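Everything below belongs to final_38.cif, which stores mmCIF, C-alpha atoms.
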```cif
data_data
#
loop_
_atom_site.label_atom_id
_atom_site.label_comp_id
_atom_site.auth_asym_id
_atom_site.auth_seq_id
_atom_site.Cartn_x
_atom_site.Cartn_y
_atom_site.Cartn_z
CA ALA K 1 51.37 94.04 51.32
CA LYS K 2 51.10 93.84 47.52
CA ALA K 3 54.27 91.70 47.29
CA SER K 4 52.94 89.43 50.03
CA ASN K 5 49.65 88.93 48.15
CA THR K 6 51.53 88.11 44.93
CA ALA K 7 53.74 85.59 46.75
CA ASN K 8 50.67 83.98 48.34
CA ALA K 9 48.95 83.74 44.96
CA ASP K 10 52.07 82.24 43.37
CA HIS K 11 52.28 79.72 46.21
CA ALA K 12 48.59 78.81 45.80
CA VAL K 13 49.01 78.31 42.04
CA ALA K 14 52.10 76.17 42.61
CA ALA K 15 50.19 74.00 45.10
CA VAL K 16 47.32 73.46 42.65
CA VAL K 17 49.73 72.58 39.83
CA ALA K 18 51.66 70.17 42.09
CA ALA K 19 48.43 68.43 43.11
CA ALA K 20 47.30 68.15 39.49
CA ASP K 21 50.71 66.77 38.48
CA ALA K 22 50.58 64.20 41.28
CA ASP K 23 47.11 63.08 40.14
CA ALA K 24 48.24 62.88 36.52
CA CYS K 25 51.21 60.69 37.46
CA GLU K 26 49.14 58.14 39.35
CA PRO K 27 48.76 54.96 37.30
CA ALA K 28 45.20 54.40 36.22
CA ALA K 29 44.01 50.89 35.48
CA LEU K 30 41.96 50.55 32.33
CA ASP K 31 40.14 47.43 31.41
CA ALA K 32 41.08 45.85 28.07
CA ALA K 33 37.83 46.92 26.41
CA GLY K 34 38.27 50.53 27.58
CA THR K 35 41.86 50.60 26.37
CA PHE K 36 40.87 49.17 22.99
CA ALA K 37 37.98 51.63 22.61
CA ALA K 38 40.22 54.60 23.46
CA LEU K 39 42.91 53.43 21.05
CA GLU K 40 40.38 52.83 18.28
CA ILE K 41 39.03 56.38 18.63
CA LEU K 42 42.54 57.84 18.67
CA LEU K 43 43.59 55.93 15.56
CA GLU K 44 40.45 56.81 13.61
CA ARG K 45 40.97 60.51 14.38
CA CYS K 46 44.65 60.64 13.46
CA SER K 47 45.45 62.39 10.21
CA VAL K 48 48.82 60.75 9.50
CA VAL K 49 50.59 57.55 10.53
CA VAL K 50 54.34 57.77 11.15
CA GLY K 51 56.51 54.84 12.15
CA LEU K 52 60.23 54.91 12.88
CA HIS K 53 61.95 51.55 13.41
CA THR K 54 58.53 49.92 13.69
CA ASP K 55 59.84 46.34 13.70
CA GLN K 56 56.92 43.87 13.79
CA ALA K 57 54.35 46.70 13.60
CA THR K 58 55.43 47.89 10.14
CA ASP K 59 52.83 45.90 8.22
CA ALA K 60 50.08 46.90 10.62
CA ALA K 61 50.94 50.60 10.37
CA VAL K 62 51.02 50.54 6.56
CA ASP K 63 47.91 48.35 6.25
CA PHE K 64 45.97 50.56 8.68
CA ALA K 65 46.88 53.73 6.79
CA LEU K 66 46.15 52.22 3.38
CA SER K 67 42.81 50.78 4.49
CA ARG K 68 41.65 54.21 5.64
CA GLY K 69 43.28 56.34 2.95
CA LYS K 70 45.47 58.10 5.51
CA PRO K 71 48.90 59.48 4.63
CA PHE K 72 51.77 57.54 6.17
CA ALA K 73 55.54 57.41 6.40
CA VAL K 74 57.43 54.42 7.78
CA VAL K 75 61.17 53.95 8.04
CA PRO K 76 61.50 50.16 8.14
CA CYS K 77 64.56 48.66 9.72
CA CYS K 78 64.53 45.01 10.77
CA THR K 79 62.87 42.39 8.59
CA TYR K 80 61.94 39.79 11.23
CA SER K 81 61.66 37.20 8.48
CA ALA K 82 61.25 34.36 11.01
CA ASP K 83 58.25 36.15 12.53
CA PHE K 84 56.67 36.78 9.10
CA PRO K 85 57.30 33.68 6.98
CA ARG K 86 54.28 34.46 4.75
CA ARG K 87 55.71 37.73 3.47
CA ARG K 88 56.60 37.12 -0.18
CA ARG K 89 58.68 39.24 -2.50
CA PRO K 90 56.79 40.87 -5.37
CA ARG K 91 57.66 40.44 -9.02
CA GLY K 92 60.42 42.74 -10.15
CA PRO K 93 63.47 43.02 -12.40
CA ASP K 94 65.55 40.87 -10.06
CA ASN K 95 62.66 38.54 -9.15
CA LEU K 96 60.79 37.88 -12.40
CA GLY K 97 58.49 35.18 -11.07
CA GLY K 98 57.86 36.83 -7.73
CA GLY K 99 57.92 34.91 -4.49
CA GLY K 100 60.64 34.06 -2.08
CA ALA K 101 60.99 35.11 1.51
CA VAL K 102 61.45 38.73 2.55
CA THR K 103 64.85 38.42 4.23
CA THR K 104 66.68 41.71 3.62
CA HIS K 105 65.95 45.38 4.14
CA ALA K 106 65.72 45.86 0.35
CA HIS K 107 63.19 43.01 0.15
CA LEU K 108 61.12 44.60 2.93
CA VAL K 109 61.01 47.93 1.11
CA GLU K 110 59.94 46.17 -2.14
CA TYR K 111 57.28 44.25 -0.22
CA LEU K 112 55.87 47.41 1.39
CA LEU K 113 55.80 49.28 -1.93
CA ALA K 114 53.92 46.37 -3.51
CA LYS K 115 51.08 46.68 -1.01
CA ALA K 116 49.70 49.53 -3.13
CA PRO K 117 51.67 50.07 -6.35
CA GLY K 118 51.49 53.67 -7.48
CA VAL K 119 50.21 54.77 -4.06
CA CYS K 120 53.21 53.81 -1.95
CA ARG K 121 56.44 55.64 -2.73
CA ARG K 122 59.98 55.58 -1.41
CA ALA K 123 62.56 58.25 -0.69
CA GLN K 124 65.97 58.40 0.89
CA LEU K 125 66.36 60.43 4.07
CA PRO K 126 69.43 62.63 4.68
CA PHE K 127 71.19 60.54 7.34
CA GLU K 128 73.29 57.38 7.59
CA GLY K 129 71.95 53.90 8.28
CA LYS K 130 68.49 52.62 7.42
CA ASN K 131 67.36 55.79 5.71
CA VAL K 132 64.66 54.68 3.28
CA VAL K 133 61.18 55.97 3.97
CA VAL K 134 58.14 54.28 2.42
CA TYR K 135 55.25 56.71 2.29
CA SER K 136 51.91 57.65 0.79
CA LEU K 137 50.08 60.93 0.77
CA GLY K 138 46.86 59.04 1.33
CA GLY K 139 43.74 58.64 -0.69
CA VAL K 140 42.01 55.65 -2.17
CA GLY K 141 40.39 54.99 -5.50
CA ALA K 142 40.17 58.23 -7.50
CA ASP K 143 42.30 60.06 -4.93
CA VAL K 144 45.35 57.92 -5.72
CA GLY K 145 46.50 60.45 -8.32
CA LEU K 146 47.53 62.77 -5.48
CA CYS K 147 50.58 60.60 -4.90
CA HIS K 148 51.81 60.98 -8.46
CA VAL K 149 52.27 64.75 -8.26
CA ALA K 150 53.76 64.84 -4.77
CA THR K 151 57.40 64.83 -3.84
CA ALA K 152 59.21 62.99 -1.10
CA ALA K 153 59.46 66.28 0.79
CA THR K 154 56.18 65.60 2.58
CA ALA K 155 57.40 62.28 3.93
CA VAL K 156 60.79 63.70 4.85
CA THR K 157 59.11 66.60 6.66
CA ALA K 158 56.86 64.22 8.62
CA VAL K 159 59.78 62.02 9.67
CA ALA K 160 61.89 65.05 10.57
CA ALA K 161 59.07 66.48 12.70
CA VAL K 162 58.70 63.25 14.64
CA THR K 163 62.44 62.89 15.22
CA ALA K 164 62.46 66.47 16.52
CA GLY K 165 59.88 65.54 19.16
CA ALA K 166 56.60 66.43 17.45
CA PRO K 167 53.61 64.25 18.41
CA LEU K 168 53.20 61.00 16.52
CA LEU K 169 49.46 61.45 16.15
CA HIS K 170 47.66 64.60 15.13
CA ARG K 171 43.89 64.70 15.47
CA ARG K 172 41.99 66.08 12.51
CA ASP K 173 39.96 68.36 14.79
CA GLU K 174 43.12 69.96 16.31
CA SER K 175 44.14 72.34 13.55
#
```
I need this file expressed as structure tokens, please.
Amino acid sequence: AKASNTANADHAVAAVVAAADADACEPAALDAAGTFAALEILLERCSVVVGLHTDQATDAAVDFALSRGKPFAVVPCCTYSADFPRRRRPRGPDNLGGGGAVTTHAHLVEYLLAKAPGVCRRAQLPFEGKNVVVYSLGGVGADVGLCHVATAATAVTAVAAVTAGAPLLHRRDES
């Protein structure tokens, strides 16, 4: 009788889980305002921004993180220079006057670093291909000094965690 009760309980639990899974898989229509509000809350609560092969969203990811003092790591890949004709190269040793279109991967990395000199850093990741990460440990104003004492290990760890399947967003209240 005890085995029968256990089997019945297991069956009941399985039925409840199956029903919950079916409900969770049903598409739910959200209105644009509801979707935007939910996304806004999620983004404000995230503690780090990570972007891998972010294409046209690279600027937005970096700008969002910088504007809120959040740490970030992006691994830029494609430049999409035709989509972003206003991106200009910063002044540098090979571009003394500054200016010119951002047309190569190296230009894109320079451009991203120039968004916040001294705050944004770069590191090379241990794999082949587009393996440059542009990152910041966050902070604005007086907090910028945090980036000067940090190593690229933080950015590499964040990118490695995401590539291993860790969540892209981590809420501050989920320690």
Note to self: Applying the PyMOL selection byres ((chain K and resi 76) around 9) to the file I just gave you, which residues come out? Please list them as a PyMOL selection string.
What the structure shows: chain K and resi 51-55+58+74-75+77-79+105+108-109+130-134
Got time to write the residues from that selection, C-alpha atoms, as a CSV table (one decimal), in the frame of the given file?
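To be explicit, this is the file written out as part.csv:
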```
chain,number,residue,atom,x,y,z
K,51,GLY,CA,56.5,54.8,12.2
K,52,LEU,CA,60.2,54.9,12.9
K,53,HIS,CA,62.0,51.6,13.4
K,54,THR,CA,58.5,49.9,13.7
K,55,ASP,CA,59.8,46.3,13.7
K,58,THR,CA,55.4,47.9,10.1
K,74,VAL,CA,57.4,54.4,7.8
K,75,VAL,CA,61.2,54.0,8.0
K,77,CYS,CA,64.6,48.7,9.7
K,78,CYS,CA,64.5,45.0,10.8
K,79,THR,CA,62.9,42.4,8.6
K,105,HIS,CA,66.0,45.4,4.1
K,108,LEU,CA,61.1,44.6,2.9
K,109,VAL,CA,61.0,47.9,1.1
K,130,LYS,CA,68.5,52.6,7.4
K,131,ASN,CA,67.4,55.8,5.7
K,132,VAL,CA,64.7,54.7,3.3
K,133,VAL,CA,61.2,56.0,4.0
K,134,VAL,CA,58.1,54.3,2.4
```
Checklist line | Ref. answer, residues at most 6 Å from (50.7, 60.7, 1.0) with only C-alpha atoms, as a list in words | finding: Pro71, Ser136, Leu137, Gly138 and Cys147 of chain K
Only C-alpha atoms, please: the residues just picked out, written as an mmCIF file, in the coordinates of the input.
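So the final result, stored in out30.cif, reads:
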```cif
data_model
loop_
_atom_site.group_PDB
_atom_site.id
_atom_site.type_symbol
_atom_site.label_atom_id
_atom_site.label_comp_id
_atom_site.auth_asym_id
_atom_site.auth_seq_id
_atom_site.Cartn_x
_atom_site.Cartn_y
_atom_site.Cartn_z
ATOM 1 C CA PRO K 71 48.900 59.480 4.630
ATOM 2 C CA SER K 136 51.910 57.650 0.790
ATOM 3 C CA LEU K 137 50.080 60.930 0.770
ATOM 4 C CA GLY K 138 46.860 59.040 1.330
ATOM 5 C CA CYS K 147 50.580 60.600 -4.900
#
```
Note to self: When you look at Arg68 (chain K) with a cut-off of 12 Å (counting only C-alpha atoms), what residues show up, excluding the ones that are within fewer than 6 positions of it in the same chain? I need them as a PyMOL selection string.
What the structure shows: chain K and resi 43-49+61-62+136-141
Notebook entry, point to check: When you draw a straight line from CA of Glu40 (chain K) to CA of Cys25 (chain K), how long is it in Å?
Noted result: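 Value for the CA of Glu40 (chain K)-CA of Cys25 (chain K) distance: 23.4 Å.
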Item checked: Nearest candidate to Phe64 (chain K) (options K:Arg89, K:Lys115, K:Ala20, K:Glu26; using all atoms listed in the file) ->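 Result for the nearest residue to Phe64 (chain K): K:Lys115.
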Report, as AutoDock Vina command-line options, the axis-aligned box around all atoms of region 41-58 of chain K present in the file, extended by 4 Å on each side; give centre and edge lengths in Å to one decimal place.
```
--center_x 50.5 --center_y 53.1 --center_z 14.1 --size_x 30.9 --size_y 26.5 --size_z 17.2
```
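For the pair CA of Asp94 (chain K) and CA of His107 (chain K), the interatomic distance is 10.7 Å.
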Notebook entry, point to check: At what distance in Å, to one decimal, does CA of Lys70 (chain K) lie from CA of Ala114 (chain K)?
Noted result: 17.0 Å
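Once the PyMOL selection byres ((chain K and resi 122) around 8) is applied to the shown structure, the selection contains Leu113, Cys120, Arg121, Ala123, Gln124, Val132, Val133, Val134, Tyr135 and Ala152 of chain K.
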Could you write out the selected residues, including C-alpha atoms, as a PDB file, in the coordinates of the input?
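Contents of part_26.pdb, freshly written:
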```pdb
ATOM      1  CA  LEU K 113      55.800  49.280  -1.930  1.00  0.00           C
ATOM      2  CA  CYS K 120      53.210  53.810  -1.950  1.00  0.00           C
ATOM      3  CA  ARG K 121      56.440  55.640  -2.730  1.00  0.00           C
ATOM      4  CA  ALA K 123      62.560  58.250  -0.690  1.00  0.00           C
ATOM      5  CA  GLN K 124      65.970  58.400   0.890  1.00  0.00           C
ATOM      6  CA  VAL K 132      64.660  54.680   3.280  1.00  0.00           C
ATOM      7  CA  VAL K 133      61.180  55.970   3.970  1.00  0.00           C
ATOM      8  CA  VAL K 134      58.140  54.280   2.420  1.00  0.00           C
ATOM      9  CA  TYR K 135      55.250  56.710   2.290  1.00  0.00           C
ATOM     10  CA  ALA K 152      59.210  62.990  -1.100  1.00  0.00           C
TER      11      ALA K 152
END
```
Checklist line | Selection result of the PyMOL selection byres ((chain K and resi 82) around 12) on this file, as a PyMOL selection string | finding: chain K and resi 56+78-81+83-87+101-104
Checklist line | Pick from K:Ala65, K:Phe127, K:Tyr111, K:Val17 nearest to Asn95 (chain K), counting all atoms listed in the file | finding: K:Tyr111
Mind dumping region 45-94 of chain K from that block, keeping N, CA and C atoms, as a short mmCIF file (atom, residue, chain, number, x, y, z; two decimals), in the first residue's frame?
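Full text of result00.cif as output:
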```cif
data_model
loop_
_atom_site.label_atom_id
_atom_site.label_comp_id
_atom_site.auth_asym_id
_atom_site.auth_seq_id
_atom_site.Cartn_x
_atom_site.Cartn_y
_atom_site.Cartn_z
N ARG K 45 17.54 47.10 -12.90
CA ARG K 45 17.94 46.23 -11.79
C ARG K 45 19.18 45.40 -12.08
N CYS K 46 19.59 45.31 -13.35
CA CYS K 46 20.75 44.47 -13.65
C CYS K 46 22.00 45.08 -13.03
N SER K 47 22.93 44.22 -12.68
CA SER K 47 24.15 44.70 -12.04
C SER K 47 25.34 44.71 -12.99
N VAL K 48 25.21 44.09 -14.16
CA VAL K 48 26.28 44.09 -15.15
C VAL K 48 25.65 43.92 -16.53
N VAL K 49 26.27 44.53 -17.53
CA VAL K 49 25.82 44.41 -18.91
C VAL K 49 26.90 43.64 -19.67
N VAL K 50 26.50 42.54 -20.31
CA VAL K 50 27.44 41.72 -21.08
C VAL K 50 26.87 41.55 -22.48
N GLY K 51 27.70 41.82 -23.48
CA GLY K 51 27.27 41.66 -24.86
C GLY K 51 28.30 40.90 -25.67
N LEU K 52 27.88 39.81 -26.29
CA LEU K 52 28.74 39.03 -27.15
C LEU K 52 28.20 39.14 -28.57
N HIS K 53 29.03 39.59 -29.50
CA HIS K 53 28.63 39.75 -30.89
C HIS K 53 27.35 40.58 -30.95
N THR K 54 27.40 41.76 -30.39
CA THR K 54 26.21 42.59 -30.21
C THR K 54 25.79 43.36 -31.45
N ASP K 55 26.60 43.32 -32.51
CA ASP K 55 26.25 43.97 -33.77
C ASP K 55 25.78 45.41 -33.57
N GLN K 56 24.58 45.73 -34.06
CA GLN K 56 24.10 47.12 -33.99
C GLN K 56 23.75 47.57 -32.57
N ALA K 57 23.71 46.67 -31.61
CA ALA K 57 23.36 47.04 -30.23
C ALA K 57 24.59 47.38 -29.39
N THR K 58 25.78 47.33 -29.97
CA THR K 58 27.00 47.56 -29.18
C THR K 58 27.00 48.93 -28.54
N ASP K 59 26.76 49.97 -29.34
CA ASP K 59 26.74 51.33 -28.77
C ASP K 59 25.72 51.46 -27.66
N ALA K 60 24.54 50.93 -27.89
CA ALA K 60 23.47 51.05 -26.90
C ALA K 60 23.84 50.35 -25.60
N ALA K 61 24.45 49.18 -25.69
CA ALA K 61 24.84 48.45 -24.48
C ALA K 61 25.89 49.24 -23.70
N VAL K 62 26.90 49.74 -24.39
CA VAL K 62 27.97 50.51 -23.73
C VAL K 62 27.41 51.82 -23.17
N ASP K 63 26.64 52.54 -23.99
CA ASP K 63 26.08 53.82 -23.54
C ASP K 63 25.17 53.64 -22.33
N PHE K 64 24.34 52.60 -22.35
CA PHE K 64 23.46 52.33 -21.21
C PHE K 64 24.28 52.10 -19.95
N ALA K 65 25.27 51.22 -20.04
CA ALA K 65 26.09 50.90 -18.86
C ALA K 65 26.83 52.13 -18.36
N LEU K 66 27.44 52.89 -19.27
CA LEU K 66 28.17 54.09 -18.85
C LEU K 66 27.26 55.13 -18.21
N SER K 67 26.07 55.30 -18.78
CA SER K 67 25.15 56.32 -18.25
C SER K 67 24.66 56.00 -16.85
N ARG K 68 24.71 54.73 -16.47
CA ARG K 68 24.23 54.32 -15.15
C ARG K 68 25.34 53.83 -14.24
N GLY K 69 26.58 53.94 -14.69
CA GLY K 69 27.71 53.54 -13.86
C GLY K 69 27.78 52.04 -13.62
N LYS K 70 27.19 51.25 -14.52
CA LYS K 70 27.18 49.80 -14.35
C LYS K 70 28.41 49.19 -15.01
N PRO K 71 28.95 48.14 -14.44
CA PRO K 71 30.04 47.43 -15.11
C PRO K 71 29.53 46.82 -16.41
N PHE K 72 30.41 46.70 -17.39
CA PHE K 72 30.01 46.07 -18.64
C PHE K 72 31.20 45.38 -19.28
N ALA K 73 30.89 44.45 -20.16
CA ALA K 73 31.88 43.80 -21.02
C ALA K 73 31.20 43.50 -22.34
N VAL K 74 31.77 44.02 -23.43
CA VAL K 74 31.25 43.73 -24.76
C VAL K 74 32.39 43.18 -25.61
N VAL K 75 32.06 42.22 -26.43
CA VAL K 75 33.01 41.67 -27.39
C VAL K 75 32.48 42.06 -28.76
N PRO K 76 32.93 43.23 -29.26
CA PRO K 76 32.41 43.70 -30.55
C PRO K 76 32.92 42.83 -31.69
N CYS K 77 32.13 42.76 -32.73
CA CYS K 77 32.53 41.94 -33.87
C CYS K 77 32.40 42.76 -35.15
N CYS K 78 31.21 42.90 -35.64
CA CYS K 78 30.97 43.58 -36.91
C CYS K 78 30.83 45.08 -36.70
N THR K 79 31.35 45.86 -37.66
CA THR K 79 31.33 47.32 -37.50
C THR K 79 30.05 47.96 -37.99
N TYR K 80 29.40 47.41 -38.97
CA TYR K 80 28.19 47.99 -39.55
C TYR K 80 28.38 49.48 -39.85
N SER K 81 29.46 49.79 -40.52
CA SER K 81 29.78 51.20 -40.79
C SER K 81 28.70 51.88 -41.63
N ALA K 82 28.03 51.17 -42.52
CA ALA K 82 26.97 51.78 -43.32
C ALA K 82 25.76 52.15 -42.45
N ASP K 83 25.52 51.38 -41.40
CA ASP K 83 24.41 51.66 -40.50
C ASP K 83 24.72 52.78 -39.51
N PHE K 84 26.01 53.04 -39.29
CA PHE K 84 26.44 54.06 -38.32
C PHE K 84 27.43 55.03 -38.95
N PRO K 85 26.99 55.80 -39.94
CA PRO K 85 27.92 56.70 -40.63
C PRO K 85 28.42 57.85 -39.76
N ARG K 86 27.78 58.10 -38.63
CA ARG K 86 28.21 59.21 -37.76
C ARG K 86 29.28 58.80 -36.75
N ARG K 87 29.56 57.53 -36.65
CA ARG K 87 30.65 57.09 -35.78
C ARG K 87 31.95 57.65 -36.35
N ARG K 88 32.73 58.33 -35.51
CA ARG K 88 33.99 58.91 -35.96
C ARG K 88 35.12 58.35 -35.10
N ARG K 89 36.25 58.16 -35.74
CA ARG K 89 37.43 57.66 -35.03
C ARG K 89 37.98 58.74 -34.11
N PRO K 90 38.43 58.37 -32.93
CA PRO K 90 39.02 59.36 -32.01
C PRO K 90 40.45 59.69 -32.43
N ARG K 91 40.96 60.74 -31.84
CA ARG K 91 42.38 61.07 -32.05
C ARG K 91 43.24 59.96 -31.46
N GLY K 92 44.35 59.69 -32.12
CA GLY K 92 45.26 58.67 -31.64
C GLY K 92 46.56 58.73 -32.41
N PRO K 93 47.52 57.90 -32.07
CA PRO K 93 48.83 57.92 -32.73
C PRO K 93 48.75 57.74 -34.24
N ASP K 94 47.80 56.93 -34.70
CA ASP K 94 47.67 56.73 -36.14
C ASP K 94 46.56 57.56 -36.76
#
```
